[in-house]
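Here's model_3.cif, which has mmCIF, C-alpha atoms:
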```
data_target
loop_
_atom_site.label_atom_id
_atom_site.label_comp_id
_atom_site.auth_asym_id
_atom_site.auth_seq_id
_atom_site.Cartn_x
_atom_site.Cartn_y
_atom_site.Cartn_z
CA MET A 18 87.46 -18.38 79.26
CA LEU A 19 84.97 -15.54 79.71
CA GLY A 20 83.25 -15.06 83.06
CA ILE A 21 79.59 -14.05 83.10
CA SER A 22 80.33 -10.30 83.35
CA SER A 23 83.03 -10.49 80.69
CA PHE A 24 80.77 -12.57 78.47
CA ARG A 25 78.01 -9.96 78.71
CA ALA A 26 80.47 -7.15 78.01
CA ALA A 27 81.75 -8.97 74.96
CA ALA A 28 78.21 -9.57 73.76
CA LEU A 29 77.38 -5.88 74.12
CA ALA A 30 80.53 -4.93 72.23
CA LEU A 31 79.63 -7.35 69.46
CA ALA A 32 76.11 -5.97 69.26
CA ALA A 33 77.48 -2.45 68.99
CA SER A 34 79.90 -3.46 66.25
CA ILE A 35 77.13 -5.25 64.36
CA GLY A 36 75.03 -2.11 64.49
CA PHE A 37 77.90 0.01 63.18
CA PHE A 38 78.88 -2.40 60.43
CA GLY A 39 75.27 -3.02 59.49
CA ALA A 40 74.80 0.67 58.78
CA SER A 41 78.05 1.11 56.86
CA ALA A 42 77.65 -2.11 54.88
CA GLN A 43 74.60 -0.68 53.11
CA ALA A 44 76.74 2.13 51.69
CA ASP A 45 79.68 0.14 50.32
CA ALA A 46 78.13 -3.19 49.37
CA GLN A 47 80.32 -5.10 46.93
CA SER A 48 78.53 -5.28 43.58
CA LEU A 49 78.84 -7.99 40.95
CA ASP A 50 80.06 -5.37 38.50
CA LYS A 51 83.02 -4.48 40.73
CA ILE A 52 83.96 -8.14 41.11
CA LYS A 53 83.78 -8.74 37.38
CA LYS A 54 85.86 -5.65 36.64
CA ALA A 55 88.48 -6.73 39.19
CA GLY A 56 88.54 -10.19 37.61
CA VAL A 57 88.72 -11.88 40.99
CA ILE A 58 86.35 -12.78 43.82
CA ARG A 59 87.66 -13.19 47.38
CA ILE A 60 85.81 -15.98 49.15
CA GLY A 61 86.07 -16.66 52.87
CA VAL A 62 86.44 -20.34 53.81
CA MET A 63 87.63 -22.30 56.81
CA GLY A 64 91.31 -23.21 56.84
CA GLU A 65 91.22 -26.04 59.40
CA GLN A 66 87.77 -27.62 59.27
CA ALA A 67 87.75 -30.56 56.87
CA PRO A 68 85.70 -31.55 54.98
CA TRP A 69 84.27 -28.03 54.64
CA GLY A 70 87.50 -26.10 54.23
CA SER A 71 91.13 -27.01 54.87
CA ILE A 72 94.57 -26.73 53.29
CA ASP A 73 96.29 -29.79 51.82
CA ALA A 74 99.97 -30.73 51.83
CA THR A 75 100.60 -28.64 48.71
CA GLY A 76 99.11 -25.52 50.27
CA GLN A 77 95.88 -25.67 48.26
CA ASN A 78 92.44 -24.96 49.72
CA ILE A 79 90.17 -28.00 49.55
CA GLY A 80 86.70 -28.92 50.78
CA TYR A 81 82.95 -28.64 50.22
CA ASP A 82 82.86 -24.84 50.49
CA VAL A 83 85.97 -24.55 48.34
CA ASP A 84 84.43 -26.61 45.53
CA VAL A 85 81.26 -24.51 45.62
CA GLY A 86 83.44 -21.39 45.64
CA ARG A 87 85.28 -22.56 42.54
CA LEU A 88 81.94 -23.00 40.78
CA ILE A 89 81.06 -19.40 41.70
CA GLY A 90 84.27 -18.24 40.02
CA GLU A 91 83.54 -20.34 36.92
CA GLU A 92 80.00 -18.99 36.64
CA LEU A 93 81.19 -15.39 37.02
CA GLY A 94 84.18 -15.90 34.75
CA VAL A 95 86.66 -14.61 37.36
CA LYS A 96 89.54 -16.00 39.38
CA VAL A 97 88.90 -17.10 42.95
CA GLU A 98 91.05 -16.05 45.91
CA PHE A 99 90.29 -18.13 48.99
CA VAL A 100 90.75 -16.43 52.37
CA PRO A 101 90.99 -18.82 55.36
CA ASN A 102 89.05 -17.61 58.43
CA ALA A 103 89.05 -18.20 62.14
CA VAL A 104 85.52 -18.83 63.42
CA ALA A 105 85.24 -15.51 65.26
CA ALA A 106 86.63 -13.54 62.30
CA ARG A 107 84.09 -14.65 59.70
CA ILE A 108 81.61 -11.78 59.94
CA PRO A 109 84.25 -9.08 60.66
CA ASN A 110 86.25 -10.21 57.61
CA LEU A 111 83.20 -9.73 55.39
CA LEU A 112 82.18 -6.42 56.88
CA THR A 113 85.68 -4.94 56.70
CA ASN A 114 86.10 -5.92 53.02
CA LYS A 115 88.69 -8.65 53.53
CA VAL A 116 86.40 -10.94 51.53
CA ASP A 117 83.63 -10.33 48.99
CA VAL A 118 81.50 -13.29 50.10
CA GLN A 119 81.72 -15.48 53.17
CA MET A 120 81.25 -19.27 52.91
CA ALA A 121 83.06 -20.57 56.00
CA VAL A 122 80.38 -22.97 57.29
CA MET A 123 78.14 -19.99 58.04
CA GLY A 124 75.17 -21.29 60.01
CA MET A 125 71.96 -19.38 59.35
CA TYR A 126 70.82 -17.80 62.63
CA PRO A 127 68.68 -14.70 63.29
CA ASP A 128 71.39 -12.85 65.23
CA ARG A 129 73.82 -13.23 62.33
CA ALA A 130 71.13 -12.19 59.83
CA LYS A 131 71.13 -8.77 61.52
CA ALA A 132 74.75 -8.28 60.46
CA VAL A 133 74.98 -10.06 57.08
CA GLN A 134 72.75 -11.11 54.23
CA PHE A 135 72.35 -14.86 53.77
CA SER A 136 71.57 -16.60 50.51
CA LYS A 137 69.30 -19.64 50.46
CA PRO A 138 70.94 -22.76 51.96
CA TYR A 139 73.50 -24.73 49.96
CA SER A 140 74.58 -27.19 52.69
CA GLY A 141 73.60 -28.43 56.12
CA LEU A 142 74.79 -30.26 59.23
CA LYS A 143 73.80 -30.97 62.83
CA ILE A 144 75.25 -29.27 65.92
CA ILE A 145 76.10 -32.03 68.38
CA LEU A 146 77.92 -33.07 71.57
CA LEU A 147 80.66 -35.72 71.26
CA SER A 148 82.30 -37.70 74.02
CA SER A 149 83.73 -41.12 74.88
CA LYS A 150 81.40 -44.11 74.92
CA LYS A 151 82.23 -44.55 78.61
CA ASN A 152 80.49 -41.26 79.44
CA LYS A 153 76.75 -41.79 79.75
CA ILE A 154 75.14 -38.61 78.43
CA GLU A 155 71.44 -38.72 77.60
CA LYS A 156 70.67 -35.06 78.27
CA ILE A 157 72.84 -31.96 78.55
CA GLU A 158 72.57 -31.93 82.36
CA ASP A 159 74.48 -35.24 82.38
CA ALA A 160 77.48 -33.32 81.03
CA ARG A 161 77.35 -30.43 83.50
CA ASN A 162 80.30 -31.73 85.56
CA LEU A 163 82.39 -32.65 82.52
CA ARG A 164 84.95 -30.39 80.89
CA ILE A 165 83.31 -29.34 77.63
CA GLY A 166 85.34 -27.82 74.80
CA VAL A 167 83.84 -25.54 72.14
CA PRO A 168 85.19 -23.21 69.44
CA ARG A 169 84.74 -19.70 70.80
CA GLY A 170 81.66 -17.97 69.36
CA ALA A 171 80.51 -20.97 67.28
CA ALA A 172 76.93 -22.27 67.20
CA GLN A 173 77.81 -25.07 69.62
CA ASP A 174 79.26 -22.54 72.08
CA LYS A 175 75.97 -20.65 72.02
CA ALA A 176 73.84 -23.80 72.28
CA ILE A 177 75.71 -25.26 75.25
CA THR A 178 76.07 -21.93 77.07
CA THR A 179 72.34 -21.27 76.64
CA LEU A 180 71.45 -24.67 78.11
CA LEU A 181 73.99 -24.84 80.95
CA GLY A 182 74.79 -21.20 81.58
CA ASP A 183 78.33 -19.79 81.41
CA ILE A 184 79.74 -22.42 83.77
CA PRO A 185 83.49 -22.79 84.43
CA ASN A 186 83.52 -26.26 82.83
CA ILE A 187 83.01 -24.78 79.35
CA ARG A 188 86.47 -24.40 77.82
CA ARG A 189 86.65 -22.14 74.76
CA PHE A 190 89.22 -22.60 72.02
CA ASP A 191 90.17 -20.46 69.05
CA ASP A 192 89.15 -22.89 66.31
CA ASP A 193 87.71 -26.30 65.49
CA SER A 194 91.03 -28.15 65.25
CA SER A 195 92.13 -26.91 68.70
CA THR A 196 88.80 -28.03 70.14
CA MET A 197 89.11 -31.52 68.65
CA GLN A 198 92.74 -31.81 69.74
CA ALA A 199 91.67 -30.96 73.29
CA LEU A 200 89.34 -33.98 73.27
CA VAL A 201 91.96 -36.30 71.77
CA SER A 202 94.61 -35.20 74.28
CA GLY A 203 92.28 -35.45 77.29
CA GLN A 204 92.17 -31.73 78.09
CA VAL A 205 88.37 -31.95 77.92
CA ASP A 206 85.86 -34.78 78.35
CA ALA A 207 83.40 -33.73 75.65
CA ILE A 208 83.17 -31.21 72.84
CA GLY A 209 80.45 -29.31 71.07
CA GLY A 210 80.86 -29.79 67.35
CA ASN A 211 79.05 -30.75 64.19
CA THR A 212 78.39 -34.00 62.40
CA THR A 213 81.58 -33.76 60.35
CA TYR A 214 83.82 -33.60 63.43
CA LYS A 215 83.75 -37.41 63.68
CA ILE A 216 85.42 -37.68 60.27
CA ASN A 217 88.30 -35.54 61.49
CA LEU A 218 88.53 -37.22 64.90
CA ASP A 219 88.87 -40.62 63.24
CA LYS A 220 91.73 -39.29 61.12
CA ALA A 221 93.49 -37.65 64.09
CA SER A 222 92.94 -40.55 66.47
CA PRO A 223 92.21 -43.87 64.68
CA GLY A 224 90.36 -46.39 66.83
CA ASN A 225 88.95 -43.75 69.21
CA ASP A 226 85.71 -44.37 71.09
CA PHE A 227 84.18 -40.94 70.56
CA GLU A 228 80.53 -40.89 69.59
CA GLN A 229 77.64 -38.51 69.08
CA LYS A 230 75.77 -38.02 72.34
CA LEU A 231 73.27 -35.21 71.77
CA VAL A 232 71.90 -33.21 68.85
CA PHE A 233 71.25 -29.54 69.67
CA ASN A 234 69.87 -28.41 66.35
CA GLU A 235 70.02 -28.82 62.59
CA GLN A 236 72.03 -26.05 60.99
CA TRP A 237 71.74 -24.79 57.45
CA GLN A 238 74.56 -22.89 55.77
CA GLY A 239 74.14 -19.96 53.40
CA ILE A 240 76.53 -17.76 51.44
CA CYS A 241 76.94 -14.40 53.18
CA THR A 242 77.19 -10.97 51.60
CA LYS A 243 76.76 -7.48 52.96
CA LEU A 244 73.36 -6.18 53.96
CA GLY A 245 71.53 -4.37 51.20
CA ASP A 246 73.48 -5.79 48.25
CA ALA A 247 70.52 -7.20 46.31
CA GLU A 248 72.41 -7.75 43.06
CA ILE A 249 74.94 -10.29 44.33
CA ASN A 250 72.39 -11.88 46.68
CA ASN A 251 69.97 -12.48 43.78
CA TRP A 252 72.79 -13.88 41.65
CA LEU A 253 73.88 -16.28 44.41
CA ASN A 254 70.33 -17.56 44.92
CA GLN A 255 69.99 -18.26 41.20
CA PHE A 256 73.43 -19.91 41.21
CA ILE A 257 72.47 -22.24 44.09
CA ASP A 258 69.25 -23.22 42.31
CA LYS A 259 71.25 -23.96 39.16
CA ILE A 260 73.94 -26.18 40.71
CA ALA A 261 71.32 -28.00 42.80
CA ALA A 262 69.19 -28.67 39.69
CA ASP A 263 72.01 -29.80 37.40
CA GLY A 264 73.56 -32.20 39.93
CA ARG A 265 76.83 -30.38 40.59
CA LEU A 266 75.94 -29.70 44.23
CA GLU A 267 74.94 -33.35 44.72
CA LYS A 268 78.37 -34.43 43.44
CA ILE A 269 80.08 -32.11 45.94
CA SER A 270 77.98 -33.49 48.80
CA GLN A 271 78.82 -37.07 47.86
CA LYS A 272 82.51 -36.23 47.42
CA TRP A 273 83.06 -34.53 50.77
CA LEU A 274 80.27 -35.80 53.05
CA ALA A 275 79.52 -39.19 51.45
CA GLN A 276 75.86 -38.22 51.80
CA PRO A 277 73.10 -37.25 49.37
CA LEU A 278 72.18 -33.61 49.21
CA PRO A 279 69.53 -32.87 51.87
CA THR A 280 66.19 -31.28 51.13
CA PHE A 281 66.76 -27.64 51.94
CA PRO A 282 64.08 -25.70 53.83
CA ALA A 283 61.99 -23.12 51.97
CA SER A 284 62.58 -20.74 54.88
CA VAL A 285 64.58 -20.40 58.09
CA GLU A 286 62.84 -18.48 60.87
CA GLY A 287 64.36 -15.03 61.34
CA VAL A 288 66.73 -15.40 58.38
CA PRO A 289 65.62 -13.87 55.05
CA PHE A 290 67.21 -15.46 51.97
CA SER A 291 66.90 -12.28 49.90
CA VAL A 292 67.33 -8.55 50.38
CA LYS A 293 64.11 -6.92 51.56
#
```

Target encoding structure tokens, full file:
Amino acid sequence: MLGISSFRAAALALAASIGFFGASAQADAQSLDKIKKAGVIRIGVMGEQAPWGSIDATGQNIGYDVDVGRLIGEELGVKVEFVPNAVAARIPNLLTNKVDVQMAVMGMYPDRAKAVQFSKPYSGLKIILLSSKKNKIEKIEDARNLRIGVPRGAAQDKAITTLLGDIPNIRRFDDDSSTMQALVSGQVDAIGGNTTYKINLDKASPGNDFEQKLVFNEQWQGICTKLGDAEINNWLNQFIDKIAADGRLEKISQKWLAQPLPTFPASVEGVPFSVK
């Protein structure tokens, strides 16, 4: 776990790297023409966060983001290569050309929009706190003395750290599955997660008494590309409009989330949907 000084140092290092990558990304943005000529698009997805992105018993990528990614490949007429990501590696993998587009549950936040270009939203969820029913938590201060697990660098890490400060009780894990396992095994008393965590917790620990305690914010997800690449960004925005209008995105939402497609916002403060 990072102490306050280490946390600040890491934040400064990240800011510096974002500045460097942001400048270089303008120069080598991946164009649609290059993808089409290569005949393949590399799409970043989560490897261990069902129902968004996971790997089944046969080794195949499955999930909401995966199904949308397959539609991208169909629309472009190219093969799709899915690249599983750790949470902290999502932006670096895009900026260092390990993927052409990043779809790994990428929440649309102003700090991230300085490093990558978001499309308009294609999915959404809520960032929440989960804990046992026996723990009475009506506000975040009620959880201050509990051991709280979060995936390192995720939106819930930022939300909880902002509200409580970088207290010792915040335990940071490398990914979502490790965070959920920590709750199931009793290593932590509560976890920061999203509204789809409960689906996975019920599978990992049937009959558990974990429940949603707090909602920190509603998060919208966009498809990320490099800064300055207007061609692929424009194509993705048109693609999202198309699959939302023809019902294909609704079918994916019902399949993986058992929920109707939400009404997406026309704008997200501090996050442009198109290249300026």

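Residues in contact with A:Ile249 at 8 Å, where only C-alpha atoms are counted and same-chain residues fewer than 2 positions away are skipped, are listed as Gln47, Ser48, Leu49, Thr242, Asp246, Ala247, Asn251, Trp252 and Leu253 of chain A.
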
Please produce a file of those selected residues containing C-alpha atoms, as a short mmCIF file (atom, residue, chain, number, x, y, z; two decimals), keeping the file's coordinate frame.
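The new file out-v2.cif reads:
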```cif
data_model
loop_
_atom_site.label_atom_id
_atom_site.label_comp_id
_atom_site.auth_asym_id
_atom_site.auth_seq_id
_atom_site.Cartn_x
_atom_site.Cartn_y
_atom_site.Cartn_z
CA GLN A 47 80.32 -5.10 46.93
CA SER A 48 78.53 -5.28 43.58
CA LEU A 49 78.84 -7.99 40.95
CA THR A 242 77.19 -10.97 51.60
CA ASP A 246 73.48 -5.79 48.25
CA ALA A 247 70.52 -7.20 46.31
CA ASN A 251 69.97 -12.48 43.78
CA TRP A 252 72.79 -13.88 41.65
CA LEU A 253 73.88 -16.28 44.41
#
```

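For the atom pair formed by atom CA of A:Val85 and atom CA of A:Ile269, the distance is 7.7 Å, given to one decimal.
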
List as number ranges by chain: which residues have an atom within 12 Å of (82.3, -18.5, 37.6), counting all atoms listed in the file?
A: 49, 52-53, 56-58, 84-97, 252-253, 256, 260

Could you list the residues chosen by the PyMOL selection byres ((chain A and resi 108) around 12) in this structure as a JSON list (two decimals) with C-alpha atoms, keeping the file's coordinate frame?
```json
[["chain", "number", "residue", "atom", "x", "y", "z"],
["A", 31, "LEU", "CA", 79.63, -7.35, 69.46],
["A", 34, "SER", "CA", 79.90, -3.46, 66.25],
["A", 35, "ILE", "CA", 77.13, -5.25, 64.36],
["A", 38, "PHE", "CA", 78.88, -2.40, 60.43],
["A", 39, "GLY", "CA", 75.27, -3.02, 59.49],
["A", 42, "ALA", "CA", 77.65, -2.11, 54.88],
["A", 61, "GLY", "CA", 86.07, -16.66, 52.87],
["A", 62, "VAL", "CA", 86.44, -20.34, 53.81],
["A", 102, "ASN", "CA", 89.05, -17.61, 58.43],
["A", 103, "ALA", "CA", 89.05, -18.20, 62.14],
["A", 104, "VAL", "CA", 85.52, -18.83, 63.42],
["A", 105, "ALA", "CA", 85.24, -15.51, 65.26],
["A", 106, "ALA", "CA", 86.63, -13.54, 62.30],
["A", 107, "ARG", "CA", 84.09, -14.65, 59.70],
["A", 109, "PRO", "CA", 84.25, -9.08, 60.66],
["A", 110, "ASN", "CA", 86.25, -10.21, 57.61],
["A", 111, "LEU", "CA", 83.20, -9.73, 55.39],
["A", 112, "LEU", "CA", 82.18, -6.42, 56.88],
["A", 113, "THR", "CA", 85.68, -4.94, 56.70],
["A", 114, "ASN", "CA", 86.10, -5.92, 53.02],
["A", 115, "LYS", "CA", 88.69, -8.65, 53.53],
["A", 116, "VAL", "CA", 86.40, -10.94, 51.53],
["A", 117, "ASP", "CA", 83.63, -10.33, 48.99],
["A", 118, "VAL", "CA", 81.50, -13.29, 50.10],
["A", 119, "GLN", "CA", 81.72, -15.48, 53.17],
["A", 120, "MET", "CA", 81.25, -19.27, 52.91],
["A", 121, "ALA", "CA", 83.06, -20.57, 56.00],
["A", 122, "VAL", "CA", 80.38, -22.97, 57.29],
["A", 123, "MET", "CA", 78.14, -19.99, 58.04],
["A", 124, "GLY", "CA", 75.17, -21.29, 60.01],
["A", 128, "ASP", "CA", 71.39, -12.85, 65.23],
["A", 129, "ARG", "CA", 73.82, -13.23, 62.33],
["A", 130, "ALA", "CA", 71.13, -12.19, 59.83],
["A", 131, "LYS", "CA", 71.13, -8.77, 61.52],
["A", 132, "ALA", "CA", 74.75, -8.28, 60.46],
["A", 133, "VAL", "CA", 74.98, -10.06, 57.08],
["A", 134, "GLN", "CA", 72.75, -11.11, 54.23],
["A", 135, "PHE", "CA", 72.35, -14.86, 53.77],
["A", 170, "GLY", "CA", 81.66, -17.97, 69.36],
["A", 171, "ALA", "CA", 80.51, -20.97, 67.28],
["A", 240, "ILE", "CA", 76.53, -17.76, 51.44],
["A", 241, "CYS", "CA", 76.94, -14.40, 53.18],
["A", 242, "THR", "CA", 77.19, -10.97, 51.60],
["A", 243, "LYS", "CA", 76.76, -7.48, 52.96],
["A", 244, "LEU", "CA", 73.36, -6.18, 53.96]]
```

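Between atom CA of A:Arg59 and atom CA of A:Asp193 the separation is 22.4 Å.
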
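Proximity to A:Asp159 was assessed for A:Leu231, A:Ile60, A:Leu200, A:Ser284 counting all atoms listed in the file; the smallest distance is recorded for A:Leu231.
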
Return the single residue from A:Thr178, A:Asn152, A:Thr213, A:Gln77 that is closest to A:Ala275, with distances computed using only C-alpha atoms.
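Closest to A:Ala275, using only C-alpha atoms: A:Thr213.
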
Of the residues A:Lys175, A:Lys215, A:Lys51, A:Arg189, which is the one nearest to A:Tyr126, using all atoms listed in the file?
A:Lys175

Of the listed residues A:Ile72, A:Val285, A:Ala160, A:Ile184, that which approaches A:Glu235 most closely, counting all atoms listed in the file
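Distance minimum relative to A:Glu235 lands on A:Val285.
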
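Pairwise distance (atom CA of A:Lys272, atom CA of A:Ser222) equals 22.1 Å.
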
Report as a PyMOL selection string all protein, DNA and RNA residues lying within 12 Å of A:Lys156, evaluated on all atoms listed in the file, omitting residues in the same chain fewer than 4 positions from it.
chain A and resi 145-146+152+160-161+177+180-181+230-233

Can you write out the residues you just picked, keeping C-alpha atoms, as a PDB file, in the frame of the given file?
```
ATOM      1  CA  ILE A 145      76.100 -32.030  68.380  1.00  0.00           C
ATOM      2  CA  LEU A 146      77.920 -33.070  71.570  1.00  0.00           C
ATOM      3  CA  ASN A 152      80.490 -41.260  79.440  1.00  0.00           C
ATOM      4  CA  ALA A 160      77.480 -33.320  81.030  1.00  0.00           C
ATOM      5  CA  ARG A 161      77.350 -30.430  83.500  1.00  0.00           C
ATOM      6  CA  ILE A 177      75.710 -25.260  75.250  1.00  0.00           C
ATOM      7  CA  LEU A 180      71.450 -24.670  78.110  1.00  0.00           C
ATOM      8  CA  LEU A 181      73.990 -24.840  80.950  1.00  0.00           C
ATOM      9  CA  LYS A 230      75.770 -38.020  72.340  1.00  0.00           C
ATOM     10  CA  LEU A 231      73.270 -35.210  71.770  1.00  0.00           C
ATOM     11  CA  VAL A 232      71.900 -33.210  68.850  1.00  0.00           C
ATOM     12  CA  PHE A 233      71.250 -29.540  69.670  1.00  0.00           C
TER      13      PHE A 233
END
```

So what does the PyMOL selection byres ((chain A and resi 191) around 7) actually pick up in this one, as a PyMOL selection string?
chain A and resi 168-169+189-190+192+195

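If all atoms listed in the file are the atoms counted, then among A:Lys143, A:Ala55, A:Glu155, A:Lys150 the closest residue to A:Asn211 is A:Lys143.
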
Go through A:Val201, A:Val83, A:Ala207, A:Val288 one by one, measure the shortest atom-to-atom distance of each to A:Asn162 using all atoms listed in the file, and give the residue with the smallest value.
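Smallest distance to A:Asn162 is found for A:Ala207.
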
Would you compute the box with edges along x, y and z of the file around stretch 223-237 of chain A, including every atom the file lists for it and 8 Å extra on each side, and give its centre and edge lengths in Å to one decimal, as lines of an AutoDock Vina configuration file?
```
center_x = 81.0
center_y = -35.6
center_z = 64.9
size_x = 38.3
size_y = 37.6
size_z = 30.9
```

Determine, counting all atoms listed in the file, which protein, DNA and RNA residues have an atom within 7 Å of an atom of A:Gly80; residues of the same chain fewer than 5 positions away are not included. Present the result as a PyMOL selection string.
chain A and resi 67-71+273

Within 12 Å of A:Asp206, counting only C-alpha atoms, which residues qualify if same-chain residues fewer than 6 places away don't, as JSON, numbers by chain?
{"A": [146, 147, 148, 149, 150, 151, 152, 153, 154, 160, 161, 162, 163, 164, 165, 166, 167, 186, 187, 188, 196, 197, 198, 199, 200, 227, 228]}
